[in-house]
$ cat data36.cif   # mmCIF, C-alpha atoms
data_entry
#
loop_
_atom_site.label_atom_id
_atom_site.label_comp_id
_atom_site.auth_asym_id
_atom_site.auth_seq_id
_atom_site.Cartn_x
_atom_site.Cartn_y
_atom_site.Cartn_z
CA MET A 1 -62.31 51.01 30.92
CA LYS A 2 -61.19 50.70 27.30
CA ALA A 3 -59.96 53.52 25.08
CA LEU A 4 -61.03 52.91 21.49
CA ALA A 5 -58.86 55.58 19.82
CA ASP A 6 -55.61 54.39 18.23
CA ASN A 7 -52.20 56.06 18.51
CA SER A 8 -52.92 58.42 15.62
CA ALA A 9 -51.33 61.35 17.45
CA ALA A 10 -47.96 59.68 17.01
CA ARG A 11 -48.49 59.91 13.24
CA GLY A 12 -49.39 63.59 13.46
CA LEU A 13 -53.03 62.81 12.61
CA GLU A 14 -54.57 63.39 16.01
CA ASP A 15 -58.34 63.16 16.17
CA ASP A 16 -60.37 65.87 17.90
CA ALA A 17 -61.94 63.51 20.41
CA ALA A 18 -61.35 60.23 22.24
CA VAL A 19 -63.90 57.44 22.50
CA ILE A 20 -63.94 55.48 25.78
CA GLU A 21 -66.02 52.41 26.54
CA ILE A 22 -67.16 52.35 30.15
CA GLY A 23 -70.12 50.75 31.89
CA GLY A 24 -71.62 49.58 28.61
CA GLU A 25 -71.61 53.11 27.21
CA ARG A 26 -69.29 54.70 24.69
CA LEU A 27 -68.33 58.15 25.89
CA VAL A 28 -66.79 60.78 23.63
CA LEU A 29 -64.40 63.22 25.30
CA THR A 30 -62.91 66.32 23.75
CA HIS A 31 -61.01 69.35 25.03
CA ASP A 32 -60.24 72.75 23.54
CA THR A 33 -58.36 75.80 24.80
CA LEU A 34 -58.83 79.42 23.72
CA VAL A 35 -55.99 81.91 24.17
CA GLN A 36 -56.62 85.65 24.11
CA GLY A 37 -54.93 87.24 21.10
CA VAL A 38 -54.48 83.86 19.40
CA HIS A 39 -57.87 82.18 19.09
CA VAL A 40 -60.01 85.18 20.06
CA ARG A 41 -59.38 88.88 19.62
CA GLU A 42 -57.96 90.95 22.46
CA ASP A 43 -61.14 93.05 22.51
CA GLU A 44 -63.61 90.18 22.13
CA ASP A 45 -66.75 90.34 24.26
CA PRO A 46 -66.29 87.74 27.03
CA ALA A 47 -69.88 86.58 26.43
CA ASP A 48 -68.90 85.64 22.87
CA ILE A 49 -65.71 83.98 24.13
CA ALA A 50 -67.76 81.78 26.47
CA TRP A 51 -70.14 80.89 23.66
CA LYS A 52 -67.32 79.98 21.29
CA LEU A 53 -65.46 77.98 23.96
CA ILE A 54 -68.45 75.68 24.42
CA ALA A 55 -69.46 75.69 20.75
CA VAL A 56 -66.12 74.43 19.42
CA ASN A 57 -66.24 71.51 21.84
CA LEU A 58 -69.84 70.67 20.99
CA SER A 59 -68.83 70.76 17.32
CA ASP A 60 -66.26 68.04 18.04
CA LEU A 61 -69.04 65.98 19.62
CA ALA A 62 -71.22 66.63 16.56
CA ALA A 63 -68.52 65.17 14.33
CA LYS A 64 -68.75 61.97 16.40
CA GLY A 65 -72.53 61.90 16.27
CA ALA A 66 -72.54 62.22 20.06
CA GLN A 67 -75.21 63.54 22.41
CA PRO A 68 -73.75 65.99 24.96
CA VAL A 69 -73.65 64.79 28.56
CA GLY A 70 -72.03 67.91 30.02
CA VAL A 71 -69.00 70.20 30.09
CA LEU A 72 -66.27 71.25 32.50
CA VAL A 73 -64.94 74.79 32.10
CA SER A 74 -61.69 76.47 33.14
CA HIS A 75 -61.96 80.27 33.38
CA MET A 76 -59.10 82.74 33.94
CA LEU A 77 -60.51 85.62 35.95
CA GLY A 78 -60.21 89.18 34.67
CA ASP A 79 -62.32 92.00 33.31
CA ASP A 80 -66.04 91.48 32.64
CA ASP A 81 -66.32 88.06 34.26
CA ASP A 82 -70.06 88.66 34.51
CA ARG A 83 -70.23 88.87 30.70
CA PHE A 84 -68.41 85.53 30.43
CA ALA A 85 -70.91 83.98 32.84
CA GLN A 86 -73.79 85.41 30.80
CA GLY A 87 -72.51 83.98 27.51
CA LEU A 88 -71.81 80.65 29.17
CA GLY A 89 -75.35 80.45 30.48
CA GLU A 90 -76.78 81.37 27.08
CA ILE A 91 -75.11 78.58 25.14
CA LEU A 92 -75.64 75.95 27.84
CA GLU A 93 -79.34 76.79 27.83
CA ALA A 94 -79.53 76.93 24.03
CA TYR A 95 -78.17 73.38 23.69
CA ASP A 96 -79.49 72.01 27.01
CA VAL A 97 -76.00 71.07 28.20
CA PRO A 98 -75.23 70.79 31.95
CA LEU A 99 -72.19 72.48 33.48
CA LEU A 100 -70.59 69.63 35.43
CA GLY A 101 -67.80 71.63 37.06
CA GLY A 102 -64.45 73.19 36.30
CA ASP A 103 -62.04 75.70 37.80
CA THR A 104 -61.28 79.42 38.05
CA VAL A 105 -57.78 80.88 38.31
CA ARG A 106 -56.17 84.31 38.48
CA ALA A 107 -52.82 85.01 36.80
CA ASP A 108 -50.89 87.60 34.80
CA GLY A 109 -50.53 87.66 31.04
CA ARG A 110 -52.87 86.56 28.29
CA ARG A 111 -56.12 85.08 29.46
CA VAL A 112 -56.77 81.41 28.74
CA TRP A 113 -60.00 79.41 28.82
CA GLY A 114 -60.46 75.64 28.58
CA CYS A 115 -63.41 73.31 28.16
CA THR A 116 -63.78 69.55 28.31
CA ALA A 117 -66.99 68.24 26.74
CA ILE A 118 -68.38 64.77 27.37
CA GLY A 119 -70.81 63.12 25.01
CA LYS A 120 -72.51 59.76 24.56
CA ALA A 121 -72.35 57.91 21.24
CA SER A 122 -75.74 57.95 19.55
CA SER A 123 -75.18 55.15 17.02
CA ALA A 124 -73.55 51.74 16.80
CA THR A 125 -70.66 53.28 14.90
CA VAL A 126 -68.69 56.33 16.03
CA PRO A 127 -67.30 58.13 12.97
CA ASP A 128 -63.76 59.43 12.76
CA ARG A 129 -61.56 60.78 9.99
CA ARG A 130 -59.95 57.45 9.02
CA GLY A 131 -62.73 55.52 7.27
CA ALA A 132 -63.13 57.10 3.82
CA GLN A 133 -63.26 54.48 1.04
CA ALA A 134 -62.37 54.76 -2.65
CA GLY A 135 -65.52 55.61 -4.58
CA ASP A 136 -67.16 57.45 -1.68
CA ALA A 137 -68.64 60.89 -2.30
CA ILE A 138 -67.27 63.82 -0.30
CA TYR A 139 -69.75 66.28 1.21
CA VAL A 140 -69.75 69.42 3.34
CA THR A 141 -72.67 71.05 5.12
CA GLY A 142 -73.47 74.73 4.87
CA VAL A 143 -71.27 77.31 3.19
CA LEU A 144 -67.64 78.15 3.89
CA GLY A 145 -66.23 81.55 4.72
CA ARG A 146 -69.06 83.05 6.78
CA ALA A 147 -66.79 83.42 9.82
CA MET A 148 -64.18 85.16 7.67
CA LEU A 149 -66.76 87.66 6.45
CA GLY A 150 -68.20 87.91 9.95
CA MET A 151 -64.92 89.05 11.44
CA GLU A 152 -65.00 91.91 8.95
CA GLU A 153 -68.65 92.63 9.87
CA ARG A 154 -68.11 92.15 13.60
CA GLY A 155 -70.80 93.72 15.75
CA SER A 156 -73.23 94.29 12.86
CA GLY A 157 -75.63 91.53 13.90
CA SER A 158 -75.51 90.08 10.37
CA THR A 159 -75.65 86.36 9.62
CA ASN A 160 -71.91 86.43 8.96
CA ASP A 161 -71.19 88.34 12.17
CA LEU A 162 -73.07 85.74 14.21
CA ALA A 163 -71.30 82.91 12.38
CA TYR A 164 -68.01 84.36 13.63
CA ARG A 165 -69.04 85.35 17.16
CA ARG A 166 -71.57 82.63 17.92
CA PRO A 167 -70.94 79.49 15.84
CA GLN A 168 -73.68 76.87 15.84
CA PRO A 169 -72.50 73.28 16.49
CA LEU A 170 -74.37 70.86 14.22
CA LEU A 171 -75.29 68.27 16.85
CA ALA A 172 -78.55 67.07 15.27
CA GLU A 173 -76.91 66.80 11.85
CA GLY A 174 -73.99 64.83 13.25
CA GLN A 175 -76.30 62.38 14.99
CA SER A 176 -78.29 61.87 11.76
CA LEU A 177 -75.12 61.26 9.75
CA ALA A 178 -73.23 59.06 12.21
CA PRO A 179 -74.76 55.69 11.17
CA LEU A 180 -74.28 56.42 7.46
CA VAL A 181 -70.88 58.04 6.93
CA SER A 182 -67.55 56.32 6.38
CA ALA A 183 -65.59 59.30 7.80
CA MET A 184 -66.53 62.63 9.37
CA MET A 185 -64.95 65.64 11.08
CA ASP A 186 -65.82 69.26 11.67
CA VAL A 187 -64.26 72.06 9.64
CA SER A 188 -62.39 74.24 12.12
CA ASP A 189 -59.08 75.09 10.45
CA GLY A 190 -60.21 75.55 6.84
CA LEU A 191 -61.95 73.18 4.43
CA LEU A 192 -58.86 72.46 2.35
CA LEU A 193 -56.59 71.71 5.30
CA ASP A 194 -59.20 69.56 7.03
CA SER A 195 -59.90 67.70 3.76
CA TRP A 196 -56.16 67.01 3.47
CA ARG A 197 -56.12 65.75 7.07
CA MET A 198 -59.02 63.40 6.44
CA ALA A 199 -57.40 62.14 3.24
CA GLN A 200 -54.15 61.46 5.09
CA ALA A 201 -55.90 59.71 7.98
CA SER A 202 -57.91 57.55 5.56
CA ARG A 203 -54.87 56.83 3.35
CA LYS A 204 -56.84 58.00 0.31
CA CYS A 205 -56.79 60.77 -2.27
CA PHE A 206 -59.56 63.36 -2.05
CA GLU A 207 -60.36 64.82 -5.47
CA THR A 208 -62.35 68.05 -5.60
CA GLU A 209 -62.85 71.17 -7.67
CA ALA A 210 -62.86 74.69 -6.29
CA GLY A 211 -66.04 75.52 -8.20
CA SER A 212 -67.98 72.80 -6.34
CA ILE A 213 -67.24 74.22 -2.90
CA PRO A 214 -70.04 76.40 -1.48
CA ALA A 215 -68.49 79.78 -0.66
CA ALA A 216 -70.15 82.62 1.25
CA ASP A 217 -68.49 85.01 -1.22
CA PRO A 218 -67.79 83.34 -4.60
CA GLU A 219 -65.49 86.21 -5.55
CA ARG A 220 -63.29 85.30 -2.57
CA ARG A 221 -63.62 81.54 -2.96
CA GLU A 222 -59.91 80.87 -2.35
CA GLU A 223 -60.04 82.65 1.01
CA CYS A 224 -63.32 80.97 1.97
CA MET A 225 -61.82 77.52 1.37
CA ARG A 226 -58.82 78.28 3.59
CA TRP A 227 -60.40 80.25 6.42
CA GLY A 228 -61.19 78.48 9.69
CA ASP A 229 -63.97 78.78 12.27
CA ASP A 230 -66.73 77.46 9.99
CA TYR A 231 -67.65 74.42 12.14
CA GLN A 232 -69.46 72.74 9.29
CA LEU A 233 -69.32 68.94 8.90
CA LEU A 234 -67.06 67.35 6.31
CA PHE A 235 -67.97 63.73 5.60
CA THR A 236 -67.73 60.85 3.14
CA MET A 237 -70.34 58.21 2.37
CA SER A 238 -71.19 55.69 -0.32
CA ASP A 239 -71.97 57.37 -3.61
CA GLY A 240 -75.70 57.43 -4.32
CA ASN A 241 -76.91 57.02 -0.75
CA PRO A 242 -79.65 59.52 0.20
CA LEU A 243 -78.57 62.32 2.53
CA PRO A 244 -80.42 62.87 5.83
CA VAL A 245 -79.18 66.49 6.02
CA SER A 246 -78.62 69.35 3.61
CA ALA A 247 -75.08 69.17 2.21
CA THR A 248 -73.11 69.81 -0.98
CA ARG A 249 -71.11 67.18 -2.80
CA ILE A 250 -67.60 68.57 -3.33
CA GLY A 251 -65.65 65.59 -4.62
CA THR A 252 -64.83 61.89 -4.76
CA VAL A 253 -62.52 59.66 -2.75
CA LEU A 254 -59.89 57.94 -4.91
CA SER A 255 -57.42 55.18 -4.26
CA GLY A 256 -53.80 56.16 -4.70
CA PRO A 257 -51.32 58.35 -2.84
CA PRO A 258 -52.99 60.06 0.15
CA GLY A 259 -53.56 63.75 -0.35
CA LEU A 260 -55.79 66.50 -1.65
CA LEU A 261 -56.24 66.91 -5.39
CA LEU A 262 -57.78 70.32 -6.13
CA ASP A 263 -58.50 71.21 -9.76
CA GLY A 264 -55.93 68.62 -10.82
CA ASP A 265 -53.14 69.87 -8.52
CA MET A 266 -51.92 67.84 -5.53
CA LEU A 267 -51.73 70.18 -2.53
CA THR A 268 -49.94 69.98 0.82
CA PRO A 269 -50.21 72.09 4.01
CA GLU A 270 -47.19 74.05 2.82
CA ASP A 271 -49.50 75.48 0.14
CA GLY A 272 -51.33 77.45 2.82
CA LEU A 273 -54.42 75.28 3.03
CA GLY A 274 -55.66 76.65 6.35
CA TYR A 275 -54.86 77.51 9.96
CA ARG A 276 -52.02 75.47 11.46
CA HIS A 277 -51.42 75.52 15.20
#
$ encode --input "data36.cif" --output "structure tokens"
Amino acid sequence: MKALADNSAARGLEDDAAVIEIGGERLVLTHDTLVQGVHVREDEDPADIAWKLIAVNLSDLAAKGAQPVGVLVSHMLGDDDDRFAQGLGEILEAYDVPLLGGDTVRADGRRVWGCTAIGKASSATVPDRRGAQAGDAIYVTGVLGRAMLGMEERGSGSTNDLAYRRPQPLLAEGQSLAPLVSAMMDVSDGLLLDSWRMAQASRKCFETEAGSIPAADPERREECMRWGDDYQLLFTMSDGNPLPVSATRIGTVLSGPPGLLLDGDMLTPEDGLGYRH
């Protein structure tokens, strides 16, 4: 068994998934944890928590262009466990993902949920955040800030509300992009922060303009660029290549000091680019 990921965590540039070669297959493994009152609201519907728990892991697989094989779920027992089971069943059915196993526990304090997702690489190359090349175009799918607006519209049933409560992992889009991109990751902690992370991992400068970034509310563009929970795909590819998915070009990869150049200003995480754990 051979792990293909490098020691990027030691540089503070940890990837969201590991790629392991086993039995002639390349498996993609990822794990996320949700903590009540930190990653989900104290009064969140457990059905929506279950959906989000699986969705964020499937989004990591999407960024690798992987096909889901299955998930393992850890559930801390408490109120409305039947609602959690309902939401879990809904997303597993929606994306045709098997539940392979997991664990249930009972304890005091904030509730915690964990999920490990396993996927299978769908292309000869498995994208990560390190491969951006000078001259590449920078793209993002969808629009940013819907989850931010959705938290304000929570329970309304609006498009924004569903974007917050029930994010949609872009598995098909990730599989279409995987053979073509030089770098790719999902946008979970804010477009600006994740762009900075990709630039650092690739040792390149990402140049973009705020006006090019698709915002759900243009009047709140700054907030939309920094808010997390969008789960869109951020990727780079050779300039001029046709796109297999709908996406917006937001900038260009430059050689030079690694970082994020927004409207001519070099930014760092200390500028409040997004959610930091």
$ residues_around --input "data36.cif" --residues "A:Ala147" --least-positions-apart "3" --cutoff "10 Å" --atoms "only C-alpha atoms" --output "PyMOL selection string"
chain A and resi 144+150-154+159-167+216+224+227-231
$ closest_atom_pairs --input "data36.cif" --of "stretch 13-66 of chain A" --to "stretch 72-79 of chain A" --cutoff "10 Å" --atoms "only C-alpha atoms" --output "tab-separated table"
residue	atom	partner	partner_atom	distance
A:His31	CA	A:Leu72	CA	9.3
A:Asp32	CA	A:Val73	CA	10.0
A:Thr33	CA	A:Ser74	CA	9.0
A:Pro46	CA	A:Asp79	CA	8.6
A:Ala50	CA	A:His75	CA	9.1
A:Leu53	CA	A:Val73	CA	8.8
A:Ile54	CA	A:Val73	CA	8.5
$ closest_residue --input "data36.cif" --among "A:Ala117, A:Leu149, A:Leu261, A:Ile49" --to "A:Arg83" --atoms "only C-alpha atoms"
A:Ile49
$ closest_residue --input "data36.cif" --among "A:Glu25, A:Arg110, A:Phe235, A:Thr125" --to "A:Val38" --atoms "all atoms listed in the file"
A:Arg110
$ atom_distance --input "data36.cif" --atom1 "atom CA of A:Asp239" --atom2 "atom CA of A:Asp136"
5.2 Å
$ residues_around --input "data36.cif" --residues "stretch 174-188 of chain A" --least-positions-apart "2" --cutoff "6 Å" --atoms "only C-alpha atoms" --output "list in words"
Ala62, Ala63, Gly65, Ser123, Pro127, Asp128, Arg129, Gly131, Ala132, Leu171, Ala172, Gly190, Leu191, Gly228, Asp229, Asp230, Tyr231, Gln232, Leu233, Leu234, Phe235, Thr236 and Met237 of chain A
$ atom_distance --input "data36.cif" --atom1 "atom CA of A:Leu193" --atom2 "atom CA of A:Pro244"
25.4 Å
$ atom_distance --input "data36.cif" --atom1 "atom CA of A:Glu222" --atom2 "atom CA of A:Ser246"
22.8 Å
$ residues_around --input "data36.cif" --residues "A:Leu34" --least-positions-apart "6" --cutoff "10 Å" --atoms "only C-alpha atoms" --output "list in words"
Val40, Ile49, Ala50, Lys52, Leu53, Val56, Arg111, Val112, Trp113, Gly114 and Cys115 of chain A
$ resolve_selection --input "data36.cif" --expression "the PyMOL selection byres ((chain A and resi 100) around 6)" --output "PDB file with C-alpha atoms, in the coordinates of the input"
ATOM      1  CA  GLY A  70     -72.030  67.910  30.020  1.00  0.00           C
ATOM      2  CA  VAL A  71     -69.000  70.200  30.090  1.00  0.00           C
ATOM      3  CA  LEU A  72     -66.270  71.250  32.500  1.00  0.00           C
ATOM      4  CA  PRO A  98     -75.230  70.790  31.950  1.00  0.00           C
ATOM      5  CA  LEU A  99     -72.190  72.480  33.480  1.00  0.00           C
ATOM      6  CA  GLY A 101     -67.800  71.630  37.060  1.00  0.00           C
TER       7      GLY A 101
END
$ resolve_selection --input "data36.cif" --expression "the PyMOL selection byres ((chain A and resi 202) around 9)" --output "PyMOL selection string"
chain A and resi 129-133+183+197-201+203-205+258
$ resolve_selection --input "data36.cif" --expression "the PyMOL selection byres ((chain A and resi 208) around 7)" --output "number ranges by chain"
A: 206-207, 209-210, 250-252, 261-263
$ write_last_selection --input "data36.cif" --atoms "C-alpha atoms" --output "mmCIF file, keeping the file's coordinate frame"
data_model
loop_
_atom_site.group_PDB
_atom_site.id
_atom_site.type_symbol
_atom_site.label_atom_id
_atom_site.label_comp_id
_atom_site.auth_asym_id
_atom_site.auth_seq_id
_atom_site.Cartn_x
_atom_site.Cartn_y
_atom_site.Cartn_z
ATOM 1 C CA PHE A 206 -59.560 63.360 -2.050
ATOM 2 C CA GLU A 207 -60.360 64.820 -5.470
ATOM 3 C CA GLU A 209 -62.850 71.170 -7.670
ATOM 4 C CA ALA A 210 -62.860 74.690 -6.290
ATOM 5 C CA ILE A 250 -67.600 68.570 -3.330
ATOM 6 C CA GLY A 251 -65.650 65.590 -4.620
ATOM 7 C CA THR A 252 -64.830 61.890 -4.760
ATOM 8 C CA LEU A 261 -56.240 66.910 -5.390
ATOM 9 C CA LEU A 262 -57.780 70.320 -6.130
ATOM 10 C CA ASP A 263 -58.500 71.210 -9.760
#
$ closest_residue --input "data36.cif" --among "A:Arg26, A:Pro169, A:Gly145, A:Ser122" --to "A:Tyr95" --atoms "only C-alpha atoms"
A:Pro169
$ closest_residue --input "data36.cif" --among "A:Leu260, A:Leu61, A:Ala85, A:Ala94" --to "A:Asp48" --atoms "all atoms listed in the file"
A:Ala85
$ residues_around --input "data36.cif" --residues "A:Asp16" --least-positions-apart "2" --cutoff "8 Å" --atoms "all atoms listed in the file" --output "list in words"
Glu14, Ala18, Thr30, His31 and Asp60 of chain A
$ write_last_selection --input "data36.cif" --atoms "C-alpha atoms" --output "PDB file, keeping the file's coordinate frame"
ATOM      1  CA  GLU A  14     -54.570  63.390  16.010  1.00  0.00           C
ATOM      2  CA  ALA A  18     -61.350  60.230  22.240  1.00  0.00           C
ATOM      3  CA  THR A  30     -62.910  66.320  23.750  1.00  0.00           C
ATOM      4  CA  HIS A  31     -61.010  69.350  25.030  1.00  0.00           C
ATOM      5  CA  ASP A  60     -66.260  68.040  18.040  1.00  0.00           C
TER       6      ASP A  60
END
$ closest_residue --input "data36.cif" --among "A:Ile213, A:Leu267, A:Gln168, A:Lys120" --to "A:Glu21" --atoms "all atoms listed in the file"
A:Lys120
$ closest_residue --input "data36.cif" --among "A:Gly240, A:Asp45, A:Ala121, A:Leu92" --to "A:Gly155" --atoms "all atoms listed in the file"
A:Asp45
$ build_atoms --input "data36.cif" --residues "stretch 54-73 of chain A" --atoms "N, CA, C and O atoms" --output "JSON list (two decimals), in the coordinates of the input"
[["chain", "number", "residue", "atom", "x", "y", "z"],
["A", 54, "ILE", "N", -67.57, 76.85, 24.34],
["A", 54, "ILE", "CA", -68.45, 75.68, 24.42],
["A", 54, "ILE", "C", -68.77, 75.17, 23.02],
["A", 54, "ILE", "O", -68.77, 73.95, 22.77],
["A", 55, "ALA", "N", -69.03, 76.09, 22.09],
["A", 55, "ALA", "CA", -69.46, 75.69, 20.75],
["A", 55, "ALA", "C", -68.43, 74.84, 20.03],
["A", 55, "ALA", "O", -68.77, 73.86, 19.36],
["A", 56, "VAL", "N", -67.14, 75.19, 20.15],
["A", 56, "VAL", "CA", -66.12, 74.43, 19.42],
["A", 56, "VAL", "C", -66.02, 73.00, 19.96],
["A", 56, "VAL", "O", -65.72, 72.06, 19.22],
["A", 57, "ASN", "N", -66.25, 72.85, 21.26],
["A", 57, "ASN", "CA", -66.24, 71.51, 21.84],
["A", 57, "ASN", "C", -67.47, 70.71, 21.45],
["A", 57, "ASN", "O", -67.38, 69.52, 21.14],
["A", 58, "LEU", "N", -68.63, 71.37, 21.43],
["A", 58, "LEU", "CA", -69.84, 70.67, 20.99],
["A", 58, "LEU", "C", -69.74, 70.29, 19.52],
["A", 58, "LEU", "O", -70.28, 69.26, 19.09],
["A", 59, "SER", "N", -69.03, 71.09, 18.73],
["A", 59, "SER", "CA", -68.83, 70.76, 17.32],
["A", 59, "SER", "C", -68.01, 69.48, 17.17],
["A", 59, "SER", "O", -68.26, 68.66, 16.28],
["A", 60, "ASP", "N", -67.02, 69.30, 18.05],
["A", 60, "ASP", "CA", -66.26, 68.04, 18.04],
["A", 60, "ASP", "C", -67.17, 66.86, 18.37],
["A", 60, "ASP", "O", -67.03, 65.77, 17.79],
["A", 61, "LEU", "N", -68.08, 67.05, 19.32],
["A", 61, "LEU", "CA", -69.04, 65.98, 19.62],
["A", 61, "LEU", "C", -69.95, 65.72, 18.43],
["A", 61, "LEU", "O", -70.29, 64.57, 18.12],
["A", 62, "ALA", "N", -70.36, 66.79, 17.74],
["A", 62, "ALA", "CA", -71.22, 66.63, 16.56],
["A", 62, "ALA", "C", -70.54, 65.76, 15.51],
["A", 62, "ALA", "O", -71.20, 64.93, 14.87],
["A", 63, "ALA", "N", -69.25, 65.95, 15.32],
["A", 63, "ALA", "CA", -68.52, 65.17, 14.33],
["A", 63, "ALA", "C", -68.44, 63.69, 14.69],
["A", 63, "ALA", "O", -68.14, 62.85, 13.83],
["A", 64, "LYS", "N", -68.70, 63.36, 15.95],
["A", 64, "LYS", "CA", -68.75, 61.97, 16.40],
["A", 64, "LYS", "C", -70.19, 61.45, 16.49],
["A", 64, "LYS", "O", -70.40, 60.31, 16.90],
["A", 65, "GLY", "N", -71.14, 62.30, 16.14],
["A", 65, "GLY", "CA", -72.53, 61.90, 16.27],
["A", 65, "GLY", "C", -72.95, 61.71, 17.71],
["A", 65, "GLY", "O", -73.85, 60.92, 18.00],
["A", 66, "ALA", "N", -72.32, 62.44, 18.63],
["A", 66, "ALA", "CA", -72.54, 62.22, 20.06],
["A", 66, "ALA", "C", -73.58, 63.18, 20.63],
["A", 66, "ALA", "O", -73.74, 64.31, 20.16],
["A", 67, "GLN", "N", -74.28, 62.71, 21.64],
["A", 67, "GLN", "CA", -75.21, 63.54, 22.41],
["A", 67, "GLN", "C", -74.48, 64.11, 23.62],
["A", 67, "GLN", "O", -73.86, 63.36, 24.38],
["A", 68, "PRO", "N", -74.48, 65.41, 23.82],
["A", 68, "PRO", "CA", -73.75, 65.99, 24.96],
["A", 68, "PRO", "C", -74.27, 65.48, 26.30],
["A", 68, "PRO", "O", -75.47, 65.38, 26.52],
["A", 69, "VAL", "N", -73.33, 65.17, 27.19],
["A", 69, "VAL", "CA", -73.65, 64.79, 28.56],
["A", 69, "VAL", "C", -73.41, 65.97, 29.49],
["A", 69, "VAL", "O", -74.15, 66.20, 30.45],
["A", 70, "GLY", "N", -72.35, 66.75, 29.20],
["A", 70, "GLY", "CA", -72.03, 67.91, 30.02],
["A", 70, "GLY", "C", -70.65, 68.44, 29.69],
["A", 70, "GLY", "O", -69.91, 67.86, 28.89],
["A", 71, "VAL", "N", -70.30, 69.57, 30.31],
["A", 71, "VAL", "CA", -69.00, 70.20, 30.09],
["A", 71, "VAL", "C", -68.38, 70.60, 31.41],
["A", 71, "VAL", "O", -69.06, 70.84, 32.41],
["A", 72, "LEU", "N", -67.04, 70.68, 31.40],
["A", 72, "LEU", "CA", -66.27, 71.25, 32.50],
["A", 72, "LEU", "C", -65.50, 72.43, 31.93],
["A", 72, "LEU", "O", -64.91, 72.32, 30.85],
["A", 73, "VAL", "N", -65.49, 73.55, 32.64],
["A", 73, "VAL", "CA", -64.94, 74.79, 32.10],
["A", 73, "VAL", "C", -63.86, 75.34, 33.02],
["A", 73, "VAL", "O", -64.05, 75.39, 34.25]]
